[in-house]
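*Asks:* TSV, C-alpha atoms, saved as coords_24.tsv, coming up:
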```tsv
chain	number	residue	atom	x	y	z
A	1	MET	CA	-4.49	-28.81	10.97
A	2	VAL	CA	-6.56	-26.21	12.76
A	3	ILE	CA	-6.71	-22.60	11.64
A	4	ARG	CA	-7.73	-20.23	14.41
A	5	LYS	CA	-7.33	-16.61	15.43
A	6	ALA	CA	-3.85	-15.85	16.74
A	7	THR	CA	-3.38	-14.80	20.34
A	8	ILE	CA	-0.43	-13.03	21.88
A	9	ALA	CA	0.64	-16.47	23.22
A	10	ASP	CA	1.47	-17.35	19.60
A	11	PHE	CA	3.75	-14.35	19.25
A	12	ASP	CA	7.14	-16.08	19.62
A	13	ALA	CA	6.31	-18.84	17.12
A	14	MET	CA	4.91	-16.30	14.66
A	15	TRP	CA	7.91	-14.03	14.99
A	16	ARG	CA	10.22	-17.00	14.20
A	17	ILE	CA	8.22	-17.82	11.06
A	18	PHE	CA	8.30	-14.19	10.02
A	19	GLN	CA	12.06	-14.00	10.56
A	20	SER	CA	12.54	-17.09	8.37
A	21	ALA	CA	10.37	-15.53	5.68
A	22	ILE	CA	12.31	-12.28	5.57
A	23	ALA	CA	15.69	-14.05	5.84
A	24	ALA	CA	14.98	-15.69	2.48
A	25	GLY	CA	14.73	-12.26	0.82
A	26	ASP	CA	12.55	-13.64	-1.96
A	27	ALA	CA	8.99	-12.77	-1.04
A	28	MET	CA	8.66	-9.95	1.49
A	29	PRO	CA	10.32	-6.53	1.30
A	30	PHE	CA	11.41	-6.43	4.94
A	31	ALA	CA	15.03	-6.98	5.93
A	32	ASP	CA	17.08	-7.60	9.08
A	33	GLY	CA	16.22	-4.30	10.73
A	34	PHE	CA	12.57	-5.30	11.16
A	35	THR	CA	11.80	-5.30	14.88
A	36	PRO	CA	9.47	-7.48	16.96
A	37	GLU	CA	7.64	-4.28	17.94
A	38	THR	CA	6.83	-3.48	14.31
A	39	PHE	CA	5.81	-7.09	13.74
A	40	ARG	CA	3.49	-6.88	16.72
A	41	ALA	CA	1.97	-3.63	15.41
A	42	HIS	CA	1.42	-5.06	11.91
A	43	TRP	CA	0.10	-8.45	12.97
A	44	PHE	CA	-1.74	-7.78	16.21
A	45	THR	CA	-2.92	-4.18	16.05
A	46	SER	CA	-3.79	-3.05	12.56
A	47	GLN	CA	-5.13	-6.33	11.14
A	48	THR	CA	-6.52	-9.68	12.33
A	49	ALA	CA	-4.05	-12.58	12.46
A	50	TYR	CA	-4.74	-16.31	12.17
A	51	VAL	CA	-2.45	-19.29	12.70
A	52	ALA	CA	-2.39	-22.82	11.27
A	53	VAL	CA	-1.65	-25.27	14.09
A	54	VAL	CA	-0.29	-28.70	13.15
A	55	ASP	CA	0.47	-31.26	15.89
A	56	GLY	CA	0.28	-28.51	18.46
A	57	ASN	CA	2.77	-26.24	16.68
A	58	VAL	CA	2.19	-23.00	14.79
A	59	ALA	CA	3.18	-24.00	11.24
A	60	GLY	CA	1.85	-21.02	9.32
A	61	MET	CA	-0.04	-17.77	9.66
A	62	TYR	CA	-1.77	-14.96	7.87
A	63	LYS	CA	-3.15	-11.54	8.58
A	64	MET	CA	-6.10	-9.96	6.84
A	65	GLY	CA	-7.78	-6.58	6.89
A	66	ALA	CA	-8.95	-3.66	4.78
A	67	ASN	CA	-6.43	-2.59	2.16
A	68	TYR	CA	-7.54	1.04	2.46
A	69	PRO	CA	-9.76	2.88	4.94
A	70	ASP	CA	-13.22	4.30	4.30
A	71	LEU	CA	-13.85	4.61	0.54
A	72	GLY	CA	-11.52	1.66	-0.11
A	73	SER	CA	-12.50	-0.43	2.88
A	74	HIS	CA	-14.56	-2.92	0.87
A	75	VAL	CA	-11.35	-4.47	-0.49
A	76	ALA	CA	-9.30	-6.72	1.78
A	77	SER	CA	-5.64	-7.56	1.68
A	78	ALA	CA	-3.72	-10.40	3.31
A	79	THR	CA	-0.18	-11.61	3.99
A	80	TYR	CA	0.78	-15.27	4.47
A	81	ALA	CA	3.82	-17.12	5.79
A	82	VAL	CA	4.51	-20.82	6.35
A	83	HIS	CA	7.35	-22.20	8.45
A	84	PRO	CA	10.16	-23.40	6.14
A	85	GLU	CA	9.96	-26.96	7.57
A	86	SER	CA	6.21	-27.12	6.95
A	87	GLN	CA	6.15	-25.98	3.34
A	88	GLY	CA	4.85	-28.28	0.60
A	89	ARG	CA	2.08	-29.74	2.76
A	90	GLY	CA	-0.83	-27.61	1.64
A	91	ILE	CA	-0.69	-25.24	4.58
A	92	GLY	CA	-0.32	-22.18	2.35
A	93	ARG	CA	-3.33	-23.18	0.31
A	94	ALA	CA	-5.37	-23.81	3.46
A	95	LEU	CA	-4.41	-20.38	4.79
A	96	VAL	CA	-5.40	-18.58	1.58
A	97	ASP	CA	-8.68	-20.51	1.43
A	98	HIS	CA	-9.39	-19.64	5.04
A	99	SER	CA	-8.61	-15.97	4.47
A	100	LEU	CA	-11.02	-15.81	1.53
A	101	GLY	CA	-13.76	-17.22	3.77
A	102	ALA	CA	-12.87	-14.82	6.58
A	103	ALA	CA	-12.91	-11.88	4.19
A	104	ARG	CA	-16.30	-12.92	2.79
A	105	SER	CA	-17.77	-13.33	6.25
A	106	GLU	CA	-16.51	-9.87	7.23
A	107	GLY	CA	-18.32	-8.44	4.21
A	108	PHE	CA	-15.37	-7.61	1.95
A	109	MET	CA	-16.13	-7.49	-1.78
A	110	ALA	CA	-12.68	-8.33	-3.12
A	111	MET	CA	-9.19	-9.33	-2.06
A	112	GLN	CA	-6.07	-7.56	-3.30
A	113	PHE	CA	-2.42	-8.53	-2.92
A	114	ASN	CA	-0.35	-5.40	-3.40
A	115	TYR	CA	3.12	-6.81	-3.85
A	116	VAL	CA	3.53	-10.43	-5.00
A	117	VAL	CA	7.10	-11.11	-6.10
A	118	SER	CA	6.84	-12.41	-9.67
A	119	THR	CA	9.59	-15.01	-9.18
A	120	ASN	CA	7.79	-16.51	-6.16
A	121	LEU	CA	6.23	-19.13	-8.41
A	122	PRO	CA	4.59	-21.27	-5.70
A	123	ALA	CA	2.72	-18.21	-4.40
A	124	VAL	CA	1.79	-16.85	-7.83
A	125	GLY	CA	0.62	-20.32	-8.94
A	126	LEU	CA	-1.40	-20.84	-5.77
A	127	TYR	CA	-3.09	-17.45	-6.02
A	128	ARG	CA	-3.98	-18.11	-9.67
A	129	LYS	CA	-5.44	-21.52	-8.77
A	130	LEU	CA	-7.55	-19.83	-6.11
A	131	GLY	CA	-9.04	-17.35	-8.55
A	132	PHE	CA	-6.70	-14.37	-8.47
A	133	ASP	CA	-5.69	-12.53	-11.62
A	134	VAL	CA	-2.63	-10.40	-12.14
A	135	ALA	CA	-4.21	-6.93	-12.12
A	136	GLY	CA	-0.89	-5.18	-12.69
A	137	THR	CA	2.85	-5.61	-13.05
A	138	LEU	CA	5.27	-3.34	-11.18
A	139	PRO	CA	8.49	-3.42	-13.19
A	140	LYS	CA	11.64	-4.16	-11.16
A	141	ALA	CA	9.83	-3.17	-7.97
A	142	PHE	CA	11.41	-5.87	-5.77
A	143	ARG	CA	15.11	-6.28	-5.02
A	144	HIS	CA	15.39	-10.09	-4.77
A	145	ARG	CA	18.31	-11.27	-2.63
A	146	ASP	CA	19.62	-13.64	-5.34
A	147	LEU	CA	18.07	-12.41	-8.58
A	148	GLY	CA	18.38	-8.65	-8.21
A	149	LEU	CA	15.56	-6.42	-9.42
A	150	VAL	CA	12.49	-8.42	-10.41
A	151	ASP	CA	8.88	-7.50	-11.17
A	152	ALA	CA	6.14	-7.60	-8.59
A	153	TYR	CA	2.48	-8.26	-9.29
A	154	VAL	CA	-0.69	-6.75	-7.96
A	155	MET	CA	-3.18	-9.62	-7.77
A	156	TYR	CA	-6.92	-9.27	-7.30
A	157	ARG	CA	-10.13	-11.27	-7.13
A	158	PHE	CA	-13.72	-10.60	-6.26
A	159	LEU	CA	-15.14	-12.64	-3.36
B	1	MET	CA	5.03	29.93	-6.99
B	2	VAL	CA	7.68	28.49	-4.71
B	3	ILE	CA	7.79	24.81	-3.80
B	4	ARG	CA	9.65	24.13	-0.57
B	5	LYS	CA	9.77	21.61	2.24
B	6	ALA	CA	6.80	21.88	4.58
B	7	THR	CA	7.32	22.86	8.19
B	8	ILE	CA	4.99	22.36	11.09
B	9	ALA	CA	4.06	26.06	10.71
B	10	ASP	CA	2.29	25.01	7.48
B	11	PHE	CA	0.21	22.44	9.32
B	12	ASP	CA	-3.10	24.33	9.59
B	13	ALA	CA	-3.11	25.36	5.92
B	14	MET	CA	-2.21	21.81	4.85
B	15	TRP	CA	-4.86	20.28	7.05
B	16	ARG	CA	-7.50	22.55	5.47
B	17	ILE	CA	-6.42	21.50	1.96
B	18	PHE	CA	-6.51	17.87	2.99
B	19	GLN	CA	-9.99	18.24	4.47
B	20	SER	CA	-11.21	19.80	1.21
B	21	ALA	CA	-9.68	16.92	-0.73
B	22	ILE	CA	-11.36	14.23	1.33
B	23	ALA	CA	-14.67	16.11	1.49
B	24	ALA	CA	-14.94	15.73	-2.28
B	25	GLY	CA	-14.89	11.94	-1.95
B	26	ASP	CA	-13.59	11.53	-5.49
B	27	ALA	CA	-9.84	11.01	-5.17
B	28	MET	CA	-8.68	9.87	-1.73
B	29	PRO	CA	-10.10	6.98	0.29
B	30	PHE	CA	-10.24	8.85	3.59
B	31	ALA	CA	-13.50	10.09	5.04
B	32	ASP	CA	-14.74	12.36	7.82
B	33	GLY	CA	-13.24	10.34	10.66
B	34	PHE	CA	-9.70	11.17	9.57
B	35	THR	CA	-8.02	13.02	12.43
B	36	PRO	CA	-5.40	15.78	12.43
B	37	GLU	CA	-3.17	13.43	14.41
B	38	THR	CA	-3.24	10.82	11.64
B	39	PHE	CA	-2.66	13.54	9.06
B	40	ARG	CA	0.35	14.73	11.03
B	41	ALA	CA	1.72	11.17	11.23
B	42	HIS	CA	1.25	10.55	7.50
B	43	TRP	CA	2.56	13.90	6.29
B	44	PHE	CA	5.18	14.87	8.84
B	45	THR	CA	6.55	11.62	10.25
B	46	SER	CA	6.59	8.79	7.75
B	47	GLN	CA	7.30	10.78	4.57
B	48	THR	CA	8.70	14.15	3.47
B	49	ALA	CA	6.14	16.87	2.71
B	50	TYR	CA	6.47	19.87	0.38
B	51	VAL	CA	4.18	22.84	-0.14
B	52	ALA	CA	3.51	25.11	-3.11
B	53	VAL	CA	3.32	28.71	-1.89
B	54	VAL	CA	1.52	31.25	-4.08
B	55	ASP	CA	1.30	34.90	-2.96
B	56	GLY	CA	2.34	33.86	0.52
B	57	ASN	CA	-0.35	31.21	0.85
B	58	VAL	CA	-0.05	27.43	0.82
B	59	ALA	CA	-1.95	26.50	-2.34
B	60	GLY	CA	-0.94	22.87	-2.72
B	61	MET	CA	1.20	20.14	-1.24
B	62	TYR	CA	2.62	16.71	-1.70
B	63	LYS	CA	4.38	14.06	0.30
B	64	MET	CA	6.90	11.61	-1.07
B	65	GLY	CA	8.79	8.63	0.29
B	66	ALA	CA	9.58	4.97	-0.22
B	67	ASN	CA	6.57	2.88	-1.18
B	68	TYR	CA	7.98	-0.16	0.66
B	69	PRO	CA	10.88	-0.59	3.08
B	70	ASP	CA	14.15	-2.39	2.43
B	71	LEU	CA	13.84	-4.63	-0.66
B	72	GLY	CA	11.22	-2.29	-2.10
B	73	SER	CA	12.76	0.98	-1.01
B	74	HIS	CA	14.08	1.92	-4.46
B	75	VAL	CA	10.51	2.77	-5.56
B	76	ALA	CA	8.96	6.01	-4.33
B	77	SER	CA	5.33	6.94	-3.94
B	78	ALA	CA	3.69	10.33	-3.58
B	79	THR	CA	0.35	11.96	-2.75
B	80	TYR	CA	-0.72	15.39	-4.00
B	81	ALA	CA	-3.44	17.87	-3.11
B	82	VAL	CA	-4.25	21.37	-4.39
B	83	HIS	CA	-6.55	23.84	-2.66
B	84	PRO	CA	-9.94	23.87	-4.48
B	85	GLU	CA	-9.63	27.61	-5.17
B	86	SER	CA	-6.19	27.17	-6.70
B	87	GLN	CA	-6.96	24.35	-9.10
B	88	GLY	CA	-6.55	24.81	-12.86
B	89	ARG	CA	-3.44	26.97	-12.53
B	90	GLY	CA	-0.76	24.35	-13.10
B	91	ILE	CA	0.02	23.86	-9.43
B	92	GLY	CA	-0.68	20.13	-9.58
B	93	ARG	CA	1.65	19.73	-12.52
B	94	ALA	CA	4.36	21.74	-10.76
B	95	LEU	CA	4.01	19.56	-7.68
B	96	VAL	CA	4.28	16.30	-9.63
B	97	ASP	CA	7.27	17.63	-11.57
B	98	HIS	CA	8.93	18.70	-8.34
B	99	SER	CA	8.29	15.33	-6.73
B	100	LEU	CA	9.90	13.52	-9.65
B	101	GLY	CA	13.01	15.66	-9.24
B	102	ALA	CA	13.03	15.15	-5.48
B	103	ALA	CA	12.67	11.38	-5.92
B	104	ARG	CA	15.51	11.31	-8.45
B	105	SER	CA	17.76	13.33	-6.21
B	106	GLU	CA	17.04	10.98	-3.31
B	107	GLY	CA	18.14	8.06	-5.51
B	108	PHE	CA	14.78	6.43	-6.19
B	109	MET	CA	14.59	4.34	-9.37
B	110	ALA	CA	10.86	4.61	-10.04
B	111	MET	CA	7.69	6.27	-8.80
B	112	GLN	CA	4.49	4.34	-8.13
B	113	PHE	CA	0.99	5.62	-7.39
B	114	ASN	CA	-0.91	2.86	-5.66
B	115	TYR	CA	-4.46	4.08	-5.89
B	116	VAL	CA	-5.41	6.59	-8.58
B	117	VAL	CA	-9.18	6.87	-8.95
B	118	SER	CA	-9.92	6.12	-12.60
B	119	THR	CA	-12.63	8.77	-12.85
B	120	ASN	CA	-10.25	11.49	-11.60
B	121	LEU	CA	-9.49	12.46	-15.18
B	122	PRO	CA	-7.38	15.57	-14.46
B	123	ALA	CA	-5.03	13.49	-12.30
B	124	VAL	CA	-4.90	10.49	-14.65
B	125	GLY	CA	-4.29	12.79	-17.62
B	126	LEU	CA	-1.58	14.73	-15.82
B	127	TYR	CA	0.21	11.58	-14.70
B	128	ARG	CA	0.12	10.19	-18.25
B	129	LYS	CA	1.52	13.46	-19.63
B	130	LEU	CA	4.34	13.25	-17.12
B	131	GLY	CA	5.36	9.76	-18.21
B	132	PHE	CA	3.31	7.45	-16.03
B	133	ASP	CA	1.69	4.31	-17.40
B	134	VAL	CA	-1.26	2.45	-15.97
B	135	ALA	CA	0.52	-0.63	-14.56
B	136	GLY	CA	-2.70	-2.16	-13.30
B	137	THR	CA	-6.44	-1.72	-12.88
B	138	LEU	CA	-8.14	-2.52	-9.57
B	139	PRO	CA	-11.76	-3.25	-10.44
B	140	LYS	CA	-14.32	-1.36	-8.37
B	141	ALA	CA	-11.71	-0.69	-5.70
B	142	PHE	CA	-12.88	2.86	-4.89
B	143	ARG	CA	-16.29	3.88	-3.55
B	144	HIS	CA	-16.77	7.26	-5.23
B	145	ARG	CA	-19.13	9.58	-3.37
B	146	ASP	CA	-21.24	10.30	-6.49
B	147	LEU	CA	-20.48	7.47	-8.89
B	148	GLY	CA	-20.42	4.46	-6.57
B	149	LEU	CA	-17.86	1.73	-7.14
B	150	VAL	CA	-15.27	2.72	-9.74
B	151	ASP	CA	-11.91	1.29	-10.79
B	152	ALA	CA	-8.63	2.51	-9.41
B	153	TYR	CA	-5.32	2.47	-11.25
B	154	VAL	CA	-1.82	1.62	-10.17
B	155	MET	CA	0.43	4.01	-12.12
B	156	TYR	CA	4.20	3.67	-12.51
B	157	ARG	CA	7.17	5.25	-14.21
B	158	PHE	CA	10.92	4.87	-14.05
B	159	LEU	CA	12.89	7.99	-13.07
```
Can you turn what I pasted into structure tokens?

*Replies:*
Amino acid sequence: MVIRKATIADFDAMWRIFQSAIAAGDAMPFADGFTPETFRAHWFTSQTAYVAVVDGNVAGMYKMGANYPDLGSHVASATYAVHPESQGRGIGRALVDHSLGAARSEGFMAMQFNYVVSTNLPAVGLYRKLGFDVAGTLPKAFRHRDLGLVDAYVMYRFL
Amino acid sequence: MVIRKATIADFDAMWRIFQSAIAAGDAMPFADGFTPETFRAHWFTSQTAYVAVVDGNVAGMYKMGANYPDLGSHVASATYAVHPESQGRGIGRALVDHSLGAARSEGFMAMQFNYVVSTNLPAVGLYRKLGFDVAGTLPKAFRHRDLGLVDAYVMYRFL
């Protein structure tokens, strides 16, 4: 597996992974109406995107950048997604690890996840293993496709 | 005092209030580089803005809208600002009260503030009085102009 900066040539593969992630309705707030143009703006304009390439294919991705401008710009945030057929192989962990290194090397002081769905146990468990604490619980803040309203967490760690 | 929806005719007065708010460096993350164009996008495009008019002048304002799209769109968020010369007269409280009513009438289930500077005691106290709890603490997440790195709170209440 190689993790490298994404280029616009990765766009189609990334968009497919993103569509799979939102189709599940269990981790990201976005639904069917999300457009490729918005995806492009979020992933290629406002933050830096990386991809995990396995056997020549984009198997996962993340984006990372400042969570707030100016007086909050010392705290990073990141979003991750792994292709459904590539899950369970450590790609998610490799992406989070890589993002922590990238955030450190860009001078960020901490990393914050604003909206981790509490029932997404693989993600919550992984983030805990990698040093994140639950900084806050947002009651019933996420409308899970199967479970209805569930809590979301704000997770945080210093770098 | 009348609180009503903002129109583009209020723009100059609102922009001056916003500039005062960010000049203080004690409550909002934005700094000098913030442009009127970005202010217009934040306050007139992506959310609904209201103004408090006192003696014919815009003395305060807020914007309110969904904190996340789609699966998170049942939770609102809001941002408030009061002209420095009009503070201490209950305008902030009236704005928050009004925003809670507006959020209820638009069908939101809860209101979340993502980034309340912990040392902004008037705001934190007001939000607590109006039913908000601290849902989370973001350690050293705000670079206060005078105090350096201070905590920020995520505050939350059901409607």

*Asks:* Report as number ranges by chain the set of chain B residues whose atoms approach chain A to within 10 Å, with distances computed over all atoms listed in the file.

*Replies:* B: 22, 25-34, 67-76, 109-112, 114-115, 134-145, 148-149, 152-158

*Asks:* Go ahead and align chain A to chain B (same sequence, so just pair every C-alpha in order, least squares) and export the moved chain as a tab-separated table (two decimals) with C-alpha atoms, in the coordinates of the input.

*Replies:*
```tsv
chain	number	residue	atom	x	y	z
A	1	MET	CA	5.04	29.94	-6.98
A	2	VAL	CA	7.67	28.49	-4.69
A	3	ILE	CA	7.79	24.82	-3.79
A	4	ARG	CA	9.64	24.15	-0.55
A	5	LYS	CA	9.77	21.61	2.25
A	6	ALA	CA	6.80	21.89	4.59
A	7	THR	CA	7.32	22.88	8.20
A	8	ILE	CA	4.99	22.37	11.11
A	9	ALA	CA	4.05	26.07	10.71
A	10	ASP	CA	2.27	25.02	7.50
A	11	PHE	CA	0.20	22.44	9.33
A	12	ASP	CA	-3.11	24.34	9.59
A	13	ALA	CA	-3.13	25.36	5.91
A	14	MET	CA	-2.22	21.82	4.85
A	15	TRP	CA	-4.87	20.26	7.05
A	16	ARG	CA	-7.51	22.56	5.45
A	17	ILE	CA	-6.42	21.50	1.95
A	18	PHE	CA	-6.50	17.87	2.99
A	19	GLN	CA	-9.98	18.25	4.47
A	20	SER	CA	-11.22	19.80	1.21
A	21	ALA	CA	-9.69	16.93	-0.74
A	22	ILE	CA	-11.36	14.23	1.33
A	23	ALA	CA	-14.68	16.12	1.49
A	24	ALA	CA	-14.95	15.74	-2.28
A	25	GLY	CA	-14.88	11.94	-1.94
A	26	ASP	CA	-13.58	11.53	-5.48
A	27	ALA	CA	-9.85	11.01	-5.17
A	28	MET	CA	-8.69	9.88	-1.73
A	29	PRO	CA	-10.10	6.98	0.29
A	30	PHE	CA	-10.23	8.84	3.60
A	31	ALA	CA	-13.51	10.08	5.04
A	32	ASP	CA	-14.74	12.38	7.82
A	33	GLY	CA	-13.26	10.35	10.65
A	34	PHE	CA	-9.70	11.16	9.57
A	35	THR	CA	-8.03	13.02	12.43
A	36	PRO	CA	-5.41	15.79	12.42
A	37	GLU	CA	-3.17	13.43	14.42
A	38	THR	CA	-3.24	10.82	11.65
A	39	PHE	CA	-2.66	13.54	9.07
A	40	ARG	CA	0.34	14.73	11.03
A	41	ALA	CA	1.71	11.17	11.25
A	42	HIS	CA	1.26	10.55	7.51
A	43	TRP	CA	2.56	13.90	6.30
A	44	PHE	CA	5.20	14.87	8.84
A	45	THR	CA	6.56	11.63	10.26
A	46	SER	CA	6.60	8.80	7.77
A	47	GLN	CA	7.30	10.78	4.58
A	48	THR	CA	8.70	14.15	3.48
A	49	ALA	CA	6.15	16.87	2.71
A	50	TYR	CA	6.47	19.86	0.38
A	51	VAL	CA	4.18	22.84	-0.14
A	52	ALA	CA	3.51	25.13	-3.12
A	53	VAL	CA	3.33	28.72	-1.88
A	54	VAL	CA	1.54	31.27	-4.08
A	55	ASP	CA	1.31	34.92	-2.96
A	56	GLY	CA	2.34	33.88	0.52
A	57	ASN	CA	-0.35	31.20	0.85
A	58	VAL	CA	-0.04	27.42	0.83
A	59	ALA	CA	-1.95	26.51	-2.35
A	60	GLY	CA	-0.94	22.89	-2.72
A	61	MET	CA	1.20	20.15	-1.25
A	62	TYR	CA	2.62	16.71	-1.70
A	63	LYS	CA	4.38	14.05	0.29
A	64	MET	CA	6.90	11.60	-1.06
A	65	GLY	CA	8.77	8.62	0.30
A	66	ALA	CA	9.58	4.95	-0.22
A	67	ASN	CA	6.57	2.87	-1.19
A	68	TYR	CA	7.97	-0.16	0.65
A	69	PRO	CA	10.87	-0.61	3.07
A	70	ASP	CA	14.15	-2.40	2.41
A	71	LEU	CA	13.84	-4.64	-0.67
A	72	GLY	CA	11.21	-2.29	-2.14
A	73	SER	CA	12.76	0.96	-1.01
A	74	HIS	CA	14.07	1.91	-4.46
A	75	VAL	CA	10.52	2.76	-5.56
A	76	ALA	CA	8.95	6.00	-4.34
A	77	SER	CA	5.33	6.92	-3.94
A	78	ALA	CA	3.68	10.32	-3.58
A	79	THR	CA	0.35	11.96	-2.76
A	80	TYR	CA	-0.72	15.40	-4.01
A	81	ALA	CA	-3.45	17.88	-3.11
A	82	VAL	CA	-4.24	21.37	-4.39
A	83	HIS	CA	-6.55	23.84	-2.66
A	84	PRO	CA	-9.93	23.87	-4.47
A	85	GLU	CA	-9.63	27.63	-5.18
A	86	SER	CA	-6.18	27.19	-6.71
A	87	GLN	CA	-6.95	24.35	-9.10
A	88	GLY	CA	-6.55	24.81	-12.85
A	89	ARG	CA	-3.43	26.97	-12.53
A	90	GLY	CA	-0.75	24.37	-13.08
A	91	ILE	CA	0.02	23.87	-9.42
A	92	GLY	CA	-0.68	20.13	-9.58
A	93	ARG	CA	1.64	19.72	-12.52
A	94	ALA	CA	4.36	21.74	-10.78
A	95	LEU	CA	4.01	19.56	-7.68
A	96	VAL	CA	4.29	16.30	-9.63
A	97	ASP	CA	7.28	17.64	-11.58
A	98	HIS	CA	8.93	18.71	-8.35
A	99	SER	CA	8.30	15.33	-6.73
A	100	LEU	CA	9.90	13.51	-9.66
A	101	GLY	CA	13.00	15.67	-9.24
A	102	ALA	CA	13.02	15.13	-5.48
A	103	ALA	CA	12.67	11.39	-5.93
A	104	ARG	CA	15.52	11.32	-8.47
A	105	SER	CA	17.78	13.34	-6.21
A	106	GLU	CA	17.05	10.98	-3.31
A	107	GLY	CA	18.14	8.08	-5.51
A	108	PHE	CA	14.79	6.41	-6.19
A	109	MET	CA	14.59	4.34	-9.38
A	110	ALA	CA	10.86	4.61	-10.04
A	111	MET	CA	7.69	6.26	-8.81
A	112	GLN	CA	4.49	4.33	-8.13
A	113	PHE	CA	1.00	5.61	-7.40
A	114	ASN	CA	-0.90	2.84	-5.66
A	115	TYR	CA	-4.46	4.06	-5.88
A	116	VAL	CA	-5.41	6.58	-8.59
A	117	VAL	CA	-9.18	6.85	-8.94
A	118	SER	CA	-9.92	6.11	-12.60
A	119	THR	CA	-12.63	8.78	-12.85
A	120	ASN	CA	-10.24	11.48	-11.60
A	121	LEU	CA	-9.49	12.45	-15.18
A	122	PRO	CA	-7.38	15.56	-14.47
A	123	ALA	CA	-5.03	13.48	-12.30
A	124	VAL	CA	-4.90	10.49	-14.65
A	125	GLY	CA	-4.29	12.80	-17.64
A	126	LEU	CA	-1.58	14.73	-15.82
A	127	TYR	CA	0.23	11.59	-14.70
A	128	ARG	CA	0.12	10.21	-18.26
A	129	LYS	CA	1.51	13.48	-19.64
A	130	LEU	CA	4.34	13.26	-17.12
A	131	GLY	CA	5.34	9.78	-18.22
A	132	PHE	CA	3.32	7.44	-16.03
A	133	ASP	CA	1.68	4.32	-17.41
A	134	VAL	CA	-1.25	2.45	-15.97
A	135	ALA	CA	0.53	-0.62	-14.57
A	136	GLY	CA	-2.70	-2.17	-13.30
A	137	THR	CA	-6.43	-1.73	-12.87
A	138	LEU	CA	-8.13	-2.53	-9.56
A	139	PRO	CA	-11.75	-3.27	-10.44
A	140	LYS	CA	-14.34	-1.37	-8.37
A	141	ALA	CA	-11.72	-0.70	-5.70
A	142	PHE	CA	-12.88	2.85	-4.89
A	143	ARG	CA	-16.29	3.85	-3.55
A	144	HIS	CA	-16.77	7.25	-5.24
A	145	ARG	CA	-19.14	9.57	-3.36
A	146	ASP	CA	-21.25	10.29	-6.47
A	147	LEU	CA	-20.48	7.46	-8.88
A	148	GLY	CA	-20.42	4.46	-6.57
A	149	LEU	CA	-17.84	1.74	-7.12
A	150	VAL	CA	-15.27	2.72	-9.73
A	151	ASP	CA	-11.91	1.28	-10.79
A	152	ALA	CA	-8.63	2.50	-9.41
A	153	TYR	CA	-5.32	2.45	-11.25
A	154	VAL	CA	-1.81	1.62	-10.18
A	155	MET	CA	0.43	3.99	-12.13
A	156	TYR	CA	4.19	3.67	-12.50
A	157	ARG	CA	7.18	5.24	-14.20
A	158	PHE	CA	10.92	4.86	-14.04
A	159	LEU	CA	12.87	7.99	-13.07
```

*Asks:* Extract, using only C-alpha atoms, all DNA, RNA and protein residues at most 10 Å from A:Arg4, discarding same-chain residues fewer than 5 positions from it, and format them as JSON, numbers by chain.

*Replies:* {"A": [49, 50, 51, 52, 53, 61, 98]}

*Asks:* Using atom CA of A:Ala66 and atom CA of A:Tyr127 as the two end points, give the distance in Å to one decimal.

*Replies:*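 Taking atom CA of A:Ala66 as the start and atom CA of A:Tyr127 as the end point, the length is 18.5 Å.
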
*Asks:* Do a neighbour search on A:Ile8 at 12 Å with only C-alpha atoms, toss out local chain neighbours closer than 3 positions, and write the hits as a list in words.

*Replies:*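 Contacts, in chain order: Lys5, Phe11, Asp12, Ala13, Met14, Trp15, Phe39, Arg40, Ala41, Trp43, Phe44, Thr45, Thr48, Ala49, Tyr50 and Val51 of chain A.
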
*Asks:* Store the residues picked out above, limited to C-alpha atoms, as a compact mmCIF listing (two decimals), in the coordinates of the input.

*Replies:*
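Okay, this is what ended up in out.txt:
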```txt
# COMPACT_ATOMS: atom_id res chain seq x y z
CA LYS A 5 -7.33 -16.61 15.43
CA PHE A 11 3.75 -14.35 19.25
CA ASP A 12 7.14 -16.08 19.62
CA ALA A 13 6.31 -18.84 17.12
CA MET A 14 4.91 -16.30 14.66
CA TRP A 15 7.91 -14.03 14.99
CA PHE A 39 5.81 -7.09 13.74
CA ARG A 40 3.49 -6.88 16.72
CA ALA A 41 1.97 -3.63 15.41
CA TRP A 43 0.10 -8.45 12.97
CA PHE A 44 -1.74 -7.78 16.21
CA THR A 45 -2.92 -4.18 16.05
CA THR A 48 -6.52 -9.68 12.33
CA ALA A 49 -4.05 -12.58 12.46
CA TYR A 50 -4.74 -16.31 12.17
CA VAL A 51 -2.45 -19.29 12.70
```

*Asks:* Report, in Å to a single decimal, how far apart atom CA of A:Glu106 and atom CA of A:Gly92 are.

*Replies:*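 So the answer is 20.9 Å.
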
*Asks:* Using Å and a single decimal, report how far atom CA of B:Leu126 sits from atom CA of B:Ala9.

*Replies:*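 Between atom CA of B:Ala9 and atom CA of B:Leu126 the gap is 29.4 Å.
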
*Asks:* Please define a box with edges along x, y and z of the file around all atoms of stretch 97-113 of chain A given in the file, extend it by 5 Å on each side, and return its centre and edge lengths in Å to one decimal, as lines of an AutoDock Vina configuration file.

*Replies:*
```
center_x = -10.4
center_y = -14.0
center_z = 2.0
size_x = 25.9
size_y = 23.0
size_z = 20.5
```

*Asks:* Tell me, as an MDAnalysis selection string, which residues lie within 9 Å of A:Gln87, counting all atoms listed in the file; anything in the same chain fewer than 4 positions away does not count.

*Replies:* chainID A and resid 59:60 82:83 91:92

*Asks:* May I ask which of the residues B:Gly101, B:Pro36, B:Gly107, B:Pro84 is the closest one to B:Leu130, counting all atoms listed in the file?

*Replies:*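 With all atoms listed in the file as the atom set, the closest residue is B:Gly101.
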
*Asks:* Calculated over only C-alpha atoms, which of the candidates B:Val116, B:Thr79, B:Ala24, B:Val96 has the smallest distance to B:Asp146?

*Replies:*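 Checking each candidate against B:Asp146, we get B:Ala24 as the closest.
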